[in-house]
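Participant: My questions will all concern the structure given below.
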Amino acid sequence: MSQSVHLLTPSNLAVPKHNTSFLSTFNRRLPVTTTTSTTAVYVFPKLSIRAASSDREPFVIVTDNGTSSLGLQPPTSQPDHALSSSIEVDAVTEAELRENGFRSTRRTKLICTIGPATSGFEQLESLAVGGMNVARINMCHGTREWHREVIQRVRKLNEEKGYAVAIMMDTEGSEIHMGDFGGASSAKAEDDEIWTFSVRAFGSTLPERTINVNYDGFAEDVKVGDELLVDGGMVRFEVVEKLGPDVKCRCTDPGLLLPRANLTFWRDGSLVRERNAMLPTISSKDWLDIDFGIAEGVDFIAVSFVKSAEVINHLKSYIAARSRDSDIAVIAKIESIDSLKNLEEIILASDGAMVARGDLGAQIPLEQVPAAQHRIVQVCRQLNKPVIVASQLLESMIEYPTPTRAEVADVSEAVRQRADALMLSGESAMGQFPEKSLAVLRSVSLRIERWWREEKHHEAMELPGVGSSFSDSISEELCISAAKMANNLGVDALFVYTKTGHMASLLSRCRPDCPIFAFTNTTSVRRRLNLQWGLIPFRVSFSDDMESNLNKTFSLLKARNLIKSGDLVIAVSDILQSIQVMNVP
Ligand SMILES: Nc1ncnc2c1ncn2[C@@H]1O[C@H](COP(=O)(O)OP(=O)(O)O)[C@@H](O)[C@H]1O
Ligand SMILES: C=C(OP(=O)(O)O)C(=O)O
Ligand SMILES: [K+]
Ligand SMILES: [Mg+2]
């Protein structure tokens with residue numbers, strides 16, 4: 001019934017199949033719920049499902065996917081290691097898996113920025129139902145208290161309603177930006193008006209037509225005649241006079257000024273980067289926000305305006321020293337000229353990257369942004385790091401209930417490039433149609449993914465070795481082969497059993513035609529895998545006996561109608577470095 005390839009290397013030869021201390025400890029400590037010759041499924045209060053089979057070893061499976069009517073939490077009286085036979089399921093993906101068959105599940109992951117339009121519990125729940133995989137909080141706006149409440153609501157949603165939404169904290173960074181407007185939510189700058197940009201502290205009441213600038217060196221760095229761009233050109237000014245801390249500017253392109261909008265200044269057609277280029281990537285306020293993120297246990301920290309790999313390495317060692325599990329992934333935002341210059345080393349150092357097109361488009365000519373996006377997406381895939389395409393994907397939906405055709409084409413292009421994730425910013429943070437925006441991302445992703453899959457438009461990408469050891473190379477070759485076999489044989493799903501998530505990401509990197517069921521044994525790894533293309537993450541405590549793992553996974557998934565007898569599956573594992581091909585019994 002099952003055909004398999006096992007690669008026997010010194011490392012796996014050293015682990016006897018049925019006699020590891022891991023397995024025996026596991027056997028001794030984990031109680032198995034009542035067993036008969038068939039899989040038994042019990043529904044517990046608090047929406048919990050437990051399943052047990054007749055096989056010898058106990059088995060734990062906890063998934064990220066499912067319906068809210070079924071199984072979430074293990075009974076609270078059970079110690080953590082006794083999760084042995086429970087199955088946790090996230091409402092949305094299970095519904096998607098059942099409705100469309102799991103071959104058609106969405107491969108592209110979706111991120112929503114949470115702002116005033118979406119911070120309530122019910123609004124967050126609507127986004128979770130709509131397919132939000134990651135909630136992003138932007139520390140540029142709002143107070144820590146405000147963000148803490150959002151984090152707590154997301155956590156409550158996950159715990160009580162069975163979602164598995166991960167949290168990404170985005171740092172403010174220390175580029176130049178405007179301050180708030182002392183209460184007003186925006187201000188209109190008209191043609192030819194003279195506005196004052198000042199580094200003075202005004203308190204809460206700003207004089208009329210005055211803008212606070214956060215960077216002390218601003219008045220010294222600009223010159224009369226410089227062009228001042230708000231948000232990459234949404235509003236434009238020309239510097240006409242300097243008066244100590246005040247810079248008088250004439251509005252040349254009128255428009256709406258939004259609080260904390262980014263400012264760049266240009267001289268003779270080039271971006272001016274004077275002393276502000278020396279500003280730290282992570283400001284003292286950012287460090288406090290990072291401490292906050294670590295304390296709140298966020299899953300990802302996205303670092304704004306990264307210039308080099310050094311700052312990423314620095315942050316990663318800080319996190320490792322500060323947080324017990326050191327399981328916060330660091331995402332490098334590529335949004336400056338320096339980050340493009342040092343792209344490969346930055347991505348190598350990071351756990352993922354974001355194509356932050358908003359600021360990137362204010363630093364390089366707009367027509368260069370698509371090529372930069374293409375390159376960043378490619379480099380990330382080559383180096384096996386998840387990549388997010390962000391900003392203005394559905395900008396018009398901040399105000400209108402339907403996207404422009406051009407926006408749909410832009411989303412399609414990111415999906416076609418097979419980016420891991422797409423991100424909403426203003427559309428979900430302060431727009432009028434957050435749920436509709438998410439629905440557009442979801443339906444466009446599904447449609448384009450299916451179209452390219454069915455028409456076999458995807459070209460294979462040459463994937464270089466990324467690991468440093470021989471064992472890493474074996475894992476990479478196994479995943480490349482398994483994905484190729486999966487495509488050639490037209491299998492229904494790839495299964496991967498992985499402790500660190502690495503093997504799952506290696507499979508995701510191959511962008512196979514079928515979905516990837518990723519079984520891992522820690523919650524934090526499971527949440528992280530939420531960001532990666534094509535992965536359906538499950539939490540599971542598995543043994544190193546693949547035969548037994550598979551049998552029990554099949555039983556549990558069949559009991560939930562997630563797979564059925566006859567489905568063709570290829571299973572890969574980083575325990576035995578093996579590939580197995582089999583039909584679900
Ligand atoms: N926590 C928040 N509180 C208030 N407004 C927010 C918050 N987060 C986002 N916003 C609003 O949503 C807009 C878009 O969000 P985002 O793209 O993350 O920020 P930015 O525009 O500063 O790059 C922001 O300009 C701001 O008006
Ligand atoms: C995502 C971005 O960063 P932020 O929204 O924090 O400016 C961007 O600039 O595109
Ligand atoms: K930010
Ligand atoms: Mg930015």
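A note on labels: chains of the structure tokens are A, B, ... as shown, every chain counts residues from 1, and ligands are counted from 1 in their shown order.
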Which neighbours of Leu535 in chain A fall inside 10 Å, counting only C-alpha atoms, when residues of the same chain fewer than 6 positions from it are skipped, and could you give them as an MDAnalysis selection string?
Facilitator: chainID A and resid 105:109 420 494:496 504:505 507:508 511 514:519 526 529
Participant: Counting only C-alpha atoms and all ligand atoms, what are the residues, protein, DNA or RNA alike, that approach ligand 2 to within 7 Å? I want them as a ChimeraX atom specification.
Facilitator: /A:138,140,170,172,304,335,355-360,390-391,425
Participant: Using only C-alpha atoms, which residue out of A:Asp410, A:Val224, A:Arg144, A:Arg209 lies closest to Ile290 in chain A?
Facilitator: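 Closest candidate: A:Arg144.
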Participant: List as a VMD selection string the protein and nucleic acid residues near Asp472 in chain A, meaning an atom at most 10 Å away when only C-alpha atoms are counted, but skip any in the same chain fewer than 5 places from it.
Facilitator: chain A and resid 465 to 467 477 to 478 502 to 503 574
Participant: Give me a file of those residues, with all heavy atoms, as a compact mmCIF listing (two decimals), in the first residue's frame.
Facilitator:
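That gives us part_39.txt:
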# COMPACT_ATOMS: atom_id res chain seq x y z
N GLY A 465 21.07 25.31 -2.93
CA GLY A 465 21.17 24.80 -1.57
C GLY A 465 21.22 25.97 -0.60
O GLY A 465 21.83 26.99 -0.89
N VAL A 466 20.53 25.84 0.54
CA VAL A 466 20.54 26.93 1.51
C VAL A 466 21.14 26.50 2.86
O VAL A 466 21.49 27.33 3.67
CB VAL A 466 19.13 27.53 1.75
CG1 VAL A 466 18.74 28.43 0.60
CG2 VAL A 466 18.08 26.46 1.98
N GLY A 467 21.24 25.21 3.09
CA GLY A 467 21.72 24.74 4.39
C GLY A 467 23.23 24.66 4.43
O GLY A 467 23.89 24.79 3.40
N GLU A 477 17.05 18.21 -0.79
CA GLU A 477 16.86 17.33 -1.94
C GLU A 477 15.59 16.51 -1.79
O GLU A 477 14.86 16.29 -2.76
CB GLU A 477 18.07 16.39 -2.10
CG GLU A 477 19.34 17.10 -2.55
CD GLU A 477 19.23 17.78 -3.92
OE1 GLU A 477 18.44 17.30 -4.76
OE2 GLU A 477 19.90 18.79 -4.14
N LEU A 478 15.34 16.05 -0.57
CA LEU A 478 14.12 15.27 -0.33
C LEU A 478 12.88 16.10 -0.67
O LEU A 478 11.96 15.61 -1.32
CB LEU A 478 14.03 14.88 1.15
CG LEU A 478 14.64 13.58 1.59
CD1 LEU A 478 14.49 13.43 3.10
CD2 LEU A 478 13.96 12.40 0.89
N HIS A 502 11.23 23.75 9.64
CA HIS A 502 12.16 23.98 8.53
C HIS A 502 11.79 23.12 7.31
O HIS A 502 11.74 23.61 6.17
CB HIS A 502 13.59 23.67 8.98
CG HIS A 502 14.61 23.91 7.91
ND1 HIS A 502 14.79 25.13 7.32
CD2 HIS A 502 15.50 23.07 7.32
CE1 HIS A 502 15.74 25.05 6.41
NE2 HIS A 502 16.18 23.80 6.38
N MET A 503 11.50 21.85 7.57
CA MET A 503 11.18 20.94 6.47
C MET A 503 9.89 21.40 5.76
O MET A 503 9.75 21.28 4.55
CB MET A 503 11.00 19.55 7.08
CG MET A 503 11.09 18.42 6.13
SD MET A 503 12.79 17.96 5.76
CE MET A 503 12.46 16.43 4.90
N ASP A 574 11.32 14.92 8.79
CA ASP A 574 12.70 15.26 9.08
C ASP A 574 13.26 14.38 10.18
O ASP A 574 14.39 14.55 10.62
CB ASP A 574 12.88 16.76 9.39
CG ASP A 574 12.10 17.22 10.60
OD1 ASP A 574 11.53 16.37 11.30
OD2 ASP A 574 12.05 18.44 10.84
Participant: Around ligand 1, at most 10 Å away and counting only C-alpha atoms and all ligand atoms, which residues are there? Put them as a PyMOL selection string, please.
Facilitator: chain A and resi 112-119+136-144+146-147+150+170+172+177+185-186+231+257-262+356-359+390-392+395+398+423-431
